[in-house]
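Data block below; observations after.
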12 protein chains.
Amino acid sequence: MNTIYILNGPNLNLLGSRETSVYGTETIASLAERCHKRGKGLGLTCDFRQSNSEGQMIDWIHEAKDRASAILINAGGYTHTSVAIHDALRAVALPTVEVHLSNIYKREPFRHHSYVSLVAEGVICGMGGLGYELALEALAAHLKSARKA
Amino acid sequence: MNTIYILNGPNLNLLGSRETSVYGTETIASLAERCHKRGKGLGLTCDFRQSNSEGQMIDWIHEAKDRASAILINAGGYTHTSVAIHDALRAVALPTVEVHLSNIYKREPFRHHSYVSLVAEGVICGMGGLGYELALEALAAHLKSARKA
Amino acid sequence: MNTIYILNGPNLNLLGSRETSVYGTETIASLAERCHKRGKGLGLTCDFRQSNSEGQMIDWIHEAKDRASAILINAGGYTHTSVAIHDALRAVALPTVEVHLSNIYKREPFRHHSYVSLVAEGVICGMGGLGYELALEALAAHLKSARKA
Amino acid sequence: MNTIYILNGPNLNLLGSRETSVYGTETIASLAERCHKRGKGLGLTCDFRQSNSEGQMIDWIHEAKDRASAILINAGGYTHTSVAIHDALRAVALPTVEVHLSNIYKREPFRHHSYVSLVAEGVICGMGGLGYELALEALAAHLKSARKA
Amino acid sequence: MNTIYILNGPNLNLLGSRETSVYGTETIASLAERCHKRGKGLGLTCDFRQSNSEGQMIDWIHEAKDRASAILINAGGYTHTSVAIHDALRAVALPTVEVHLSNIYKREPFRHHSYVSLVAEGVICGMGGLGYELALEALAAHLKSARKA
Amino acid sequence: MNTIYILNGPNLNLLGSRETSVYGTETIASLAERCHKRGKGLGLTCDFRQSNSEGQMIDWIHEAKDRASAILINAGGYTHTSVAIHDALRAVALPTVEVHLSNIYKREPFRHHSYVSLVAEGVICGMGGLGYELALEALAAHLKSARKA
Amino acid sequence: MNTIYILNGPNLNLLGSRETSVYGTETIASLAERCHKRGKGLGLTCDFRQSNSEGQMIDWIHEAKDRASAILINAGGYTHTSVAIHDALRAVALPTVEVHLSNIYKREPFRHHSYVSLVAEGVICGMGGLGYELALEALAAHLKSARKA
Amino acid sequence: MNTIYILNGPNLNLLGSRETSVYGTETIASLAERCHKRGKGLGLTCDFRQSNSEGQMIDWIHEAKDRASAILINAGGYTHTSVAIHDALRAVALPTVEVHLSNIYKREPFRHHSYVSLVAEGVICGMGGLGYELALEALAAHLKSARKA
Amino acid sequence: MNTIYILNGPNLNLLGSRETSVYGTETIASLAERCHKRGKGLGLTCDFRQSNSEGQMIDWIHEAKDRASAILINAGGYTHTSVAIHDALRAVALPTVEVHLSNIYKREPFRHHSYVSLVAEGVICGMGGLGYELALEALAAHLKSARKA
Amino acid sequence: MNTIYILNGPNLNLLGSRETSVYGTETIASLAERCHKRGKGLGLTCDFRQSNSEGQMIDWIHEAKDRASAILINAGGYTHTSVAIHDALRAVALPTVEVHLSNIYKREPFRHHSYVSLVAEGVICGMGGLGYELALEALAAHLKSARKA
Amino acid sequence: MNTIYILNGPNLNLLGSRETSVYGTETIASLAERCHKRGKGLGLTCDFRQSNSEGQMIDWIHEAKDRASAILINAGGYTHTSVAIHDALRAVALPTVEVHLSNIYKREPFRHHSYVSLVAEGVICGMGGLGYELALEALAAHLKSARKA
Amino acid sequence: MNTIYILNGPNLNLLGSRETSVYGTETIASLAERCHKRGKGLGLTCDFRQSNSEGQMIDWIHEAKDRASAILINAGGYTHTSVAIHDALRAVALPTVEVHLSNIYKREPFRHHSYVSLVAEGVICGMGGLGYELALEALAAHLKSARKA
């Protein structure tokens, strides 16, 4: 069974309590729960984590190299500023899908550029928590087709 | 049963035969087929179209206003240049999801800006044909939650 | 009696039904009507058209060369992107007035540049449908002074 | 009867004698005259002024708050540089139409941005002195529709 | 007893009546009053002035050279455009604090750059009228420490 | 015998009648004629077309895939704005030469960038109608060397 | 009694020993002391902290949500680069004042933009340690007026 | 005998007392004196003026139209910001030489652009007060050659 | 018989040995040979030269003024950086065609701007050595039509 | 004996296993070893560290102030984004040499700017692990010449 | 008697014959003559030279270090592109005046920046050949005042 | 024994006498000497040259192709402007190290971009003359590892 590291960046721990008009009312616990459930249906084990620390995010990405088959990442505010996370993802070279709860392209210009997009297979944004589920399906399909090849 | 207009822009008729390293080998007919199938499972009727003409795309978006519940759009090269398609989508104000087969953020800088993203609920890119299916699921969920509210 | 081609670009067919807070509630039929009326008072015949197609807009501009004395153009979203319409207007070299229903300089930055302005005698924006009438008066005056000279 | 402050900025006192290929041969006195005449027909009293001083322009805008129903402004060179005039217009919040004799969008790039446009209902440019008349008609219509509402 | 020139630029005479959601309801008279009062407590005489004229602002800054120990300046819209006021402040070389009632960094981009900041000791913004009081305390402290040195 | 699609974009139908100081007095019929003649001498069949529609241009490029050995394209105003034509040319991957009658690098800055150049073998501009002939010779040479390889 | 979180970012622990010509000779201990003293006079309890870690800063901002009435933040070098701290401040939505010891607008261009300013009530800079005291007074006034409303 | 208007802009009244390392120790009175003297030798009458007001500068330029043969202008800080002075100079169309005491191209970037240079015959900068004398000689030569032609 | 100066800039002496995937395997001697041959057929004498020195290029352009009827120039790397060569070409005002072996618009951004294009009749690029021949034909036609006129 | 802090930033722990075509196959352990060896020969003690955390990097730089004579830093991805590390280096004011394994100027544009370069004595890049050795020699020479002075 | 190196850059040898509407009809020989004459009157020996070679210009600047008291330079097209000439002038550190025959600020944007201005005492442009004379007077005054100091 | 071409660009002949605070007091002769010495220890023959001429630099780079194993280049001011030297280095394709005496990234913005860096193995700057020695060691190591491979 494949393991997916689901890595959530800064401020996502506040999900459901902050700016609910932008991010919705679902909590991070509930989001983790639906990931586990959808993952299960797809034959995936989800290792769901959150940190406000850029260094911690990088450590987890490194750790994923040996322990996971793919990464689902919502790097929060680091998305737009972290060359270091970009480098970490490029270094471990796992299949990666980037997710954002809100449609970042409709927000401030400083959210329009993502260092993660440059190294991810694909991007899903603006779908709220459902985006995580869709990303899991995409990763499942990716891993399956890779196995075949 | 909800109808979804699935609108494909310029050059997507060549799918499966052009630049297969970028866009994969799936043809547009096969892509339409999987949309119909997934849509059916989600209780959605898919009206799948393709045109190389910007004006035709706009006409279809207008037409969708009365005949569809939502739009799934892959505007191809017009994504990056068409204020007119942006205006059309804004005018009809239907739930809209933008899809791209490839990860446009990994390609040339002129593909990094999308006029469609500014008016879409969300964006899915880099997932190949699967992205269409995921977008359908997102639209189904969106329509369901709107019905509830 | 002078003929004026009044050319309306993409999405203007939706007038009165789309984004009424921006564009008002007047329909395109009513707008045509007031043009005909005001034009009549100014000794002008108005040929009022709308198309969502850039190519059609260009064809009409070419056609105007032999059939009209002047052009009133609201190129909609093509205003900001179409070098081809700019070239067509420059080629036929008829007196041209550019009209926009809304004040485009108060809107998104991508609406602040107009390829039409570079080849028009003048620009009227933000006056709603009345702007068309004012433009007709301007063109009538222009044609009169040209006749004198 | 509504009063309109018609405020003319720097160098407009030279009208008719400077750069006549750009600005035409009509003098400012004649321009005032035609404003009075057209205004009268529209039921408007025109208070027509000109100053080369930015501070004076601001004082007049403030004064208009209590003495006028609307402002027609051609801020000349201050159009492109004066945040202070922009702030004054925003502060008094009267219906405002911006007029330019020439088509500023066909001239040097530093004339393409207007701080006045950001706070005006609409803009008329490139119509010579007739533009003032058209602006008066637009203001008359605006005041009439506001009275109705 | 030290004298502080408190110089207010364009549109600040409208304080309390314009855009109260941005600038609050306190009038300029009341603002002057609280400056006099706080200044008194700090051993400062406040010479509180307002002008809409850039030239007048410059004259006052020059005058301050011989009659004041420091300058508190809210240059209003000239903040963002006046090299001449910048030069005047640099020429007289008095301790200067820049104040803005609103937080200019949260507003339009053209308000983010200040020619005054480049020659001021410090900047206080977004504190409403209290910002003037805080600036007086800062100037009092500055003058005291300068006396010691 | 090799067939060359010679595709002319918007406004080229006006050739010989519009802006003759820029584009010369040769008509499009005469231009087609000299292409046929030169082509014949080079062993090439020329299929010479013109359209003001971007979508039509794209359709013809697609059609060329099976019916032509190479493309000579003068995309007119679409040269500078059409990602969709760029994509079409890239998709069909035929040898392509870009031609412009005037030297676009001596004209307005918005004519200095070409989306076609990014996918063409080479570019010829500023040679008037002769440029088409030279492009045909270049394509003939290209096809010949390809046959050898 | 209201609690204020006073959060100091990277390198502020070196205060008094680094670049004293820019930052002065006051140590961070002494700065904390004067905050406690001024805060006491204003009826505020100050919780004064410093960290070189961006993640720690974010954690403290989150913690403030339940334990403090307001935030005084000097985010040091993170001011100019941290979207994540910006997001954290926006998420907790407490009254926030941004302080900088030096006048950042007189320094290198990369210090002229602040992500904190975009979410702070106001900004005080260039006042050295006194700026903290003034910010406390501003926050005290803010909390008092909020209580009244 | 030709009259030259020598127009000095904001802060030049402080000459000799402000920033002497940049502007030297010569006073404006002494500068006027040497202009009169050099002018006399060249057969020119110098009308030497200074104002801190942009509007006054414009009035004087207008006045020069009938009373002077040429203009020598040092517009101080308005050099870099005043479209209105630019327009005034262009309107009166007198031979104009721009002078700056310091070499503005070695100073802050915002001093590198001059609206005056765009309408002046020539520019002299960095020569201190001598620059005025050299400008007078240039104007004398210009007037002489114009007389001949 | 007309003489054409064919001027080759820096590094073109290495032709055929450097980066053959970009520039092909033809040597400069062979390129000169085919120019002589094609030129002969067109009634042109070719004076074919190469230099790595910008000054030498300029000297030759000056020399061409009296000794040649036209210039064919491939300025190599100086194309993108030399205002001096631009000035020289403008000064001698001979018919000039610019040639590049590779398609410079497909290469690094610093190769997209050409100072030579701004003063050349036309540009041919991406045709390898054949481009020189085509340029000679263009120059021959140009000289012939000039003789007629 | 002088101590050098050799500080390695994010992802350098993966050295030898990640992107070996860019970074080579040498591991960080081996790199440390060769530093110790070369350092020894130069009379330097090397304290070799690596962290993925920006805050940790800053703490170590502060610590170096009292325990080291100089710093050799490869800040990895933080090089391009960290004002805080820049500030830390400036605060401790030790001789600093910046090293990068790859030639960052040949890579993506976002790697071309370094906040570290602005405060380092010098920069060595593109030399792989040998760059560290060369930097140590540079620091040894620097310390020796400082001792002499 | 002081010697002045008068260094003329590329294309100035064509003076009087090229673009006489821009540069006038005076030849370089005549220009040299008037420099010698004016120089003599000012007690200066003029060493007047011209070269099209950037390297030669640099060599002469170096040579000036020991043989001249000052430099008058018109670097022609190298003005805008040559960091190397900038460095040479800075290295020899002689009093330098930059001269241009035309007003470069009224011409193409690429002529608005000068690397020479950044190291020259002052700049004179737009005065034709007279500018050289005025520059000589400026240098004479500069040398005289330096002697006194 | 391998030969290294050590190529020094404009103004480096003045080393030791110009701007010693930036470039140090070592002369170019001494610099050559230490290169010869260090090179000898590394088994390298150094051919040390300097020229102020860009063309000469290019000729030497071409010459190196057959006579040297590698290039050490300090292109001086041409570093930042010469596409031609960039092309030459790319053409000869020898191992190349770029050296600068000063840290160019701490200097004016126009020194931050290097055309040489884009084609060099690596860059060493800010190390004074020692940088040359370190570059020689880097080249020696490079040649040794190439021999092994």
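Naming scheme: A, B, ... for chains in displayed order of the structure tokens; residues 1 onward per chain; ligands 1 onward as shown.
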Within 9 Å of chain A, which residues of chain G show up when using only C-alpha atoms, listed as a PDB file with all heavy atoms, in the first residue's frame?
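Resulting contents of iface32.pdb:
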```
ATOM      1  N   SER G  53      13.348  32.634  14.721  1.00  0.00           N
ATOM      2  CA  SER G  53      12.663  31.641  13.891  1.00  0.00           C
ATOM      3  C   SER G  53      11.312  32.152  13.404  1.00  0.00           C
ATOM      4  O   SER G  53      10.460  32.556  14.200  1.00  0.00           O
ATOM      5  CB  SER G  53      12.481  30.352  14.705  1.00  0.00           C
ATOM      6  OG  SER G  53      11.388  29.612  14.214  1.00  0.00           O
ATOM      7  N   GLU G  54      11.109  32.068  12.090  1.00  0.00           N
ATOM      8  CA  GLU G  54       9.851  32.499  11.494  1.00  0.00           C
ATOM      9  C   GLU G  54       8.692  31.649  12.013  1.00  0.00           C
ATOM     10  O   GLU G  54       7.625  32.154  12.335  1.00  0.00           O
ATOM     11  CB  GLU G  54       9.968  32.349   9.970  1.00  0.00           C
ATOM     12  CG  GLU G  54       8.843  32.951   9.154  1.00  0.00           C
ATOM     13  CD  GLU G  54       9.105  32.801   7.649  1.00  0.00           C
ATOM     14  OE1 GLU G  54      10.101  32.121   7.282  1.00  0.00           O
ATOM     15  OE2 GLU G  54       8.347  33.360   6.839  1.00  0.00           O
ATOM     16  N   GLY G  55       8.927  30.331  12.135  1.00  0.00           N
ATOM     17  CA  GLY G  55       7.884  29.433  12.612  1.00  0.00           C
ATOM     18  C   GLY G  55       7.477  29.785  14.038  1.00  0.00           C
ATOM     19  O   GLY G  55       6.285  29.789  14.378  1.00  0.00           O
ATOM     20  N   GLN G  56       8.448  30.108  14.876  1.00  0.00           N
ATOM     21  CA  GLN G  56       8.168  30.487  16.261  1.00  0.00           C
ATOM     22  C   GLN G  56       7.335  31.765  16.305  1.00  0.00           C
ATOM     23  O   GLN G  56       6.408  31.881  17.101  1.00  0.00           O
ATOM     24  CB  GLN G  56       9.504  30.679  17.008  1.00  0.00           C
ATOM     25  CG  GLN G  56       9.359  31.116  18.439  1.00  0.00           C
ATOM     26  CD  GLN G  56       8.689  30.052  19.303  1.00  0.00           C
ATOM     27  OE1 GLN G  56       9.324  29.135  19.813  1.00  0.00           O
ATOM     28  NE2 GLN G  56       7.373  30.152  19.462  1.00  0.00           N
ATOM     29  N   ILE G  58       5.264  32.752  14.122  1.00  0.00           N
ATOM     30  CA  ILE G  58       3.893  32.405  13.728  1.00  0.00           C
ATOM     31  C   ILE G  58       3.161  31.712  14.873  1.00  0.00           C
ATOM     32  O   ILE G  58       2.008  32.028  15.178  1.00  0.00           O
ATOM     33  CB  ILE G  58       3.923  31.514  12.463  1.00  0.00           C
ATOM     34  CG1 ILE G  58       4.492  32.308  11.285  1.00  0.00           C
ATOM     35  CG2 ILE G  58       2.527  30.999  12.135  1.00  0.00           C
ATOM     36  CD1 ILE G  58       4.874  31.463  10.086  1.00  0.00           C
ATOM     37  N   ASP G  59       3.851  30.786  15.536  1.00  0.00           N
ATOM     38  CA  ASP G  59       3.228  30.104  16.676  1.00  0.00           C
ATOM     39  C   ASP G  59       2.788  31.122  17.733  1.00  0.00           C
ATOM     40  O   ASP G  59       1.695  31.032  18.276  1.00  0.00           O
ATOM     41  CB  ASP G  59       4.219  29.112  17.306  1.00  0.00           C
ATOM     42  CG  ASP G  59       4.468  27.892  16.431  1.00  0.00           C
ATOM     43  OD1 ASP G  59       3.664  27.628  15.509  1.00  0.00           O
ATOM     44  OD2 ASP G  59       5.484  27.194  16.657  1.00  0.00           O
ATOM     45  N   HIS G  62      -0.316  32.972  16.714  1.00  0.00           N
ATOM     46  CA  HIS G  62      -1.490  32.115  16.914  1.00  0.00           C
ATOM     47  C   HIS G  62      -1.882  32.088  18.396  1.00  0.00           C
ATOM     48  O   HIS G  62      -3.060  32.202  18.752  1.00  0.00           O
ATOM     49  CB  HIS G  62      -1.197  30.688  16.460  1.00  0.00           C
ATOM     50  CG  HIS G  62      -1.053  30.531  14.977  1.00  0.00           C
ATOM     51  ND1 HIS G  62      -0.840  29.337  14.363  1.00  0.00           N
ATOM     52  CD2 HIS G  62      -1.087  31.437  13.978  1.00  0.00           C
ATOM     53  CE1 HIS G  62      -0.741  29.499  13.054  1.00  0.00           C
ATOM     54  NE2 HIS G  62      -0.882  30.776  12.802  1.00  0.00           N
ATOM     55  N   THR G  81       9.831  39.735   3.827  1.00  0.00           N
ATOM     56  CA  THR G  81       9.796  38.500   3.046  1.00  0.00           C
ATOM     57  C   THR G  81       8.716  37.512   3.462  1.00  0.00           C
ATOM     58  O   THR G  81       8.448  36.577   2.720  1.00  0.00           O
ATOM     59  CB  THR G  81      11.155  37.751   3.160  1.00  0.00           C
ATOM     60  OG1 THR G  81      11.362  37.383   4.535  1.00  0.00           O
ATOM     61  CG2 THR G  81      12.309  38.612   2.700  1.00  0.00           C
ATOM     62  N   SER G  82       8.063  37.696   4.599  1.00  0.00           N
ATOM     63  CA  SER G  82       7.235  36.605   5.114  1.00  0.00           C
ATOM     64  C   SER G  82       5.741  36.766   4.832  1.00  0.00           C
ATOM     65  O   SER G  82       5.013  37.442   5.553  1.00  0.00           O
ATOM     66  CB  SER G  82       7.444  36.456   6.622  1.00  0.00           C
ATOM     67  OG  SER G  82       6.627  35.404   7.096  1.00  0.00           O
ATOM     68  N   VAL G  83       5.288  36.055   3.809  1.00  0.00           N
ATOM     69  CA  VAL G  83       3.855  35.958   3.560  1.00  0.00           C
ATOM     70  C   VAL G  83       3.207  35.161   4.698  1.00  0.00           C
ATOM     71  O   VAL G  83       2.062  35.404   5.079  1.00  0.00           O
ATOM     72  CB  VAL G  83       3.589  35.284   2.198  1.00  0.00           C
ATOM     73  CG1 VAL G  83       2.109  35.012   1.997  1.00  0.00           C
ATOM     74  CG2 VAL G  83       4.123  36.159   1.063  1.00  0.00           C
ATOM     75  N   ALA G  84       3.959  34.238   5.267  1.00  0.00           N
ATOM     76  CA  ALA G  84       3.401  33.373   6.308  1.00  0.00           C
ATOM     77  C   ALA G  84       3.078  34.177   7.576  1.00  0.00           C
ATOM     78  O   ALA G  84       2.043  33.952   8.215  1.00  0.00           O
ATOM     79  CB  ALA G  84       4.373  32.237   6.617  1.00  0.00           C
ATOM     80  N   ILE G  85       3.940  35.109   7.976  1.00  0.00           N
ATOM     81  CA  ILE G  85       3.641  35.964   9.142  1.00  0.00           C
ATOM     82  C   ILE G  85       2.468  36.889   8.816  1.00  0.00           C
ATOM     83  O   ILE G  85       1.586  37.098   9.650  1.00  0.00           O
ATOM     84  CB  ILE G  85       4.907  36.753   9.567  1.00  0.00           C
ATOM     85  CG1 ILE G  85       5.906  35.792  10.224  1.00  0.00           C
ATOM     86  CG2 ILE G  85       4.555  37.903  10.495  1.00  0.00           C
ATOM     87  CD1 ILE G  85       7.240  36.434  10.616  1.00  0.00           C
ATOM     88  N   HIS G  86       2.457  37.416   7.609  1.00  0.00           N
ATOM     89  CA  HIS G  86       1.322  38.213   7.141  1.00  0.00           C
ATOM     90  C   HIS G  86       0.019  37.424   7.302  1.00  0.00           C
ATOM     91  O   HIS G  86      -0.969  37.932   7.829  1.00  0.00           O
ATOM     92  CB  HIS G  86       1.559  38.588   5.672  1.00  0.00           C
ATOM     93  CG  HIS G  86       0.382  39.109   4.930  1.00  0.00           C
ATOM     94  ND1 HIS G  86       0.193  40.432   4.669  1.00  0.00           N
ATOM     95  CD2 HIS G  86      -0.688  38.470   4.379  1.00  0.00           C
ATOM     96  CE1 HIS G  86      -0.937  40.602   3.998  1.00  0.00           C
ATOM     97  NE2 HIS G  86      -1.479  39.433   3.808  1.00  0.00           N
ATOM     98  N   ASP G  87       0.036  36.182   6.863  1.00  0.00           N
ATOM     99  CA  ASP G  87      -1.168  35.359   6.941  1.00  0.00           C
ATOM    100  C   ASP G  87      -1.561  35.089   8.388  1.00  0.00           C
ATOM    101  O   ASP G  87      -2.740  35.065   8.730  1.00  0.00           O
ATOM    102  CB  ASP G  87      -0.930  34.020   6.226  1.00  0.00           C
ATOM    103  CG  ASP G  87      -0.987  34.161   4.709  1.00  0.00           C
ATOM    104  OD1 ASP G  87      -1.314  35.249   4.219  1.00  0.00           O
ATOM    105  OD2 ASP G  87      -0.691  33.166   4.016  1.00  0.00           O
ATOM    106  N   ALA G  88      -0.560  34.864   9.234  1.00  0.00           N
ATOM    107  CA  ALA G  88      -0.838  34.587  10.645  1.00  0.00           C
ATOM    108  C   ALA G  88      -1.511  35.795  11.293  1.00  0.00           C
ATOM    109  O   ALA G  88      -2.507  35.664  12.006  1.00  0.00           O
ATOM    110  CB  ALA G  88       0.458  34.247  11.374  1.00  0.00           C
ATOM    111  N   ARG G  90      -3.189  38.138   9.836  1.00  0.00           N
ATOM    112  CA  ARG G  90      -4.514  38.296   9.279  1.00  0.00           C
ATOM    113  C   ARG G  90      -5.478  37.275   9.875  1.00  0.00           C
ATOM    114  O   ARG G  90      -6.646  37.562  10.110  1.00  0.00           O
ATOM    115  CB  ARG G  90      -4.465  38.156   7.760  1.00  0.00           C
ATOM    116  CG  ARG G  90      -5.661  38.836   7.132  1.00  0.00           C
ATOM    117  CD  ARG G  90      -5.422  39.197   5.735  1.00  0.00           C
ATOM    118  NE  ARG G  90      -5.300  37.988   4.935  1.00  0.00           N
ATOM    119  CZ  ARG G  90      -5.302  37.983   3.607  1.00  0.00           C
ATOM    120  NH1 ARG G  90      -5.365  39.132   2.954  1.00  0.00           N
ATOM    121  NH2 ARG G  90      -5.186  36.881   2.937  1.00  0.00           N
ATOM    122  N   ALA G  91      -4.961  36.078  10.134  1.00  0.00           N
ATOM    123  CA  ALA G  91      -5.811  35.010  10.660  1.00  0.00           C
ATOM    124  C   ALA G  91      -6.291  35.332  12.072  1.00  0.00           C
ATOM    125  O   ALA G  91      -7.462  35.146  12.390  1.00  0.00           O
ATOM    126  CB  ALA G  91      -5.053  33.684  10.645  1.00  0.00           C
ATOM    127  N   VAL G  92      -5.405  35.831  12.936  1.00  0.00           N
ATOM    128  CA  VAL G  92      -5.812  36.068  14.325  1.00  0.00           C
ATOM    129  C   VAL G  92      -6.595  37.365  14.456  1.00  0.00           C
ATOM    130  O   VAL G  92      -7.368  37.541  15.399  1.00  0.00           O
ATOM    131  CB  VAL G  92      -4.624  36.041  15.305  1.00  0.00           C
ATOM    132  CG1 VAL G  92      -3.905  34.694  15.207  1.00  0.00           C
ATOM    133  CG2 VAL G  92      -3.666  37.179  15.056  1.00  0.00           C
ATOM    134  N   ALA G  93      -6.385  38.270  13.525  1.00  0.00           N
ATOM    135  CA  ALA G  93      -7.206  39.478  13.444  1.00  0.00           C
ATOM    136  C   ALA G  93      -7.249  40.292  14.733  1.00  0.00           C
ATOM    137  O   ALA G  93      -8.281  40.856  15.098  1.00  0.00           O
ATOM    138  CB  ALA G  93      -8.615  39.115  12.981  1.00  0.00           C
TER     139      ALA G  93
END
```
For stretch 121-126 of chain D, find every residue with an atom within 7 Å (counting only C-alpha atoms), except residues of its own chain fewer than 5 positions away, and show them as a list in words. Asn103, Glu121, Gly122, Val123, Ile124, Cys125, Gly126 and Met127 of chain C; Pro95, Thr96, Val97, Glu98, Val99, His100, Leu101, Ser102, Asn103 and Gly131 of chain D
Requested write-out: N, CA, C and O atoms of the selected residues, as a short mmCIF file (atom, residue, chain, number, x, y, z; two decimals), in the first residue's frame:
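As written to disk, selection-v3.cif reads:
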```cif
data_model
loop_
_atom_site.label_atom_id
_atom_site.label_comp_id
_atom_site.auth_asym_id
_atom_site.auth_seq_id
_atom_site.Cartn_x
_atom_site.Cartn_y
_atom_site.Cartn_z
N ASN C 103 -16.24 53.25 -17.08
CA ASN C 103 -14.96 53.98 -17.06
C ASN C 103 -13.84 52.95 -16.91
O ASN C 103 -13.54 52.51 -15.80
N GLU C 121 -10.06 59.16 -33.14
CA GLU C 121 -10.02 60.61 -32.94
C GLU C 121 -10.11 60.91 -31.45
O GLU C 121 -9.37 61.70 -30.91
N GLY C 122 -11.07 60.25 -30.82
CA GLY C 122 -11.29 60.51 -29.42
C GLY C 122 -11.92 59.34 -28.72
O GLY C 122 -12.24 58.32 -29.35
N VAL C 123 -12.06 59.47 -27.42
CA VAL C 123 -12.54 58.39 -26.57
C VAL C 123 -13.59 58.95 -25.62
O VAL C 123 -13.41 60.04 -25.07
N ILE C 124 -14.67 58.21 -25.44
CA ILE C 124 -15.69 58.56 -24.46
C ILE C 124 -15.94 57.33 -23.61
O ILE C 124 -16.26 56.28 -24.15
N CYS C 125 -15.79 57.44 -22.31
CA CYS C 125 -16.07 56.26 -21.49
C CYS C 125 -16.71 56.64 -20.17
O CYS C 125 -16.53 57.74 -19.66
N GLY C 126 -17.49 55.69 -19.65
CA GLY C 126 -18.09 55.87 -18.33
C GLY C 126 -19.46 56.55 -18.37
O GLY C 126 -20.02 56.83 -17.33
N MET C 127 -19.97 56.81 -19.58
CA MET C 127 -21.24 57.54 -19.70
C MET C 127 -22.41 56.60 -19.97
O MET C 127 -23.50 57.08 -20.30
N PRO D 95 -20.46 64.51 -8.60
CA PRO D 95 -20.34 63.91 -9.93
C PRO D 95 -19.31 64.69 -10.75
O PRO D 95 -19.37 65.92 -10.79
N THR D 96 -18.37 63.98 -11.36
CA THR D 96 -17.26 64.64 -12.04
C THR D 96 -17.05 64.02 -13.41
O THR D 96 -17.06 62.79 -13.54
N VAL D 97 -16.87 64.85 -14.43
CA VAL D 97 -16.47 64.34 -15.73
C VAL D 97 -15.14 64.98 -16.11
O VAL D 97 -14.93 66.18 -15.93
N GLU D 98 -14.23 64.15 -16.60
CA GLU D 98 -12.90 64.60 -17.00
C GLU D 98 -12.89 64.84 -18.51
O GLU D 98 -13.36 63.98 -19.27
N VAL D 99 -12.35 65.98 -18.92
CA VAL D 99 -12.30 66.29 -20.34
C VAL D 99 -10.86 66.62 -20.74
O VAL D 99 -10.13 67.24 -19.97
N HIS D 100 -10.47 66.17 -21.91
CA HIS D 100 -9.20 66.61 -22.52
C HIS D 100 -9.48 67.00 -23.97
O HIS D 100 -10.21 66.29 -24.66
N LEU D 101 -8.90 68.08 -24.39
CA LEU D 101 -9.11 68.54 -25.76
C LEU D 101 -8.52 67.56 -26.77
O LEU D 101 -9.14 67.22 -27.76
N SER D 102 -7.30 67.10 -26.47
CA SER D 102 -6.64 66.16 -27.38
C SER D 102 -6.85 64.73 -26.88
O SER D 102 -7.24 64.53 -25.73
N ASN D 103 -6.55 63.77 -27.72
CA ASN D 103 -6.62 62.36 -27.33
C ASN D 103 -5.32 62.02 -26.63
O ASN D 103 -4.31 61.72 -27.28
N GLY D 131 -15.92 68.54 -26.67
CA GLY D 131 -15.88 67.61 -25.54
C GLY D 131 -16.49 68.22 -24.28
O GLY D 131 -17.12 67.52 -23.48
#
```
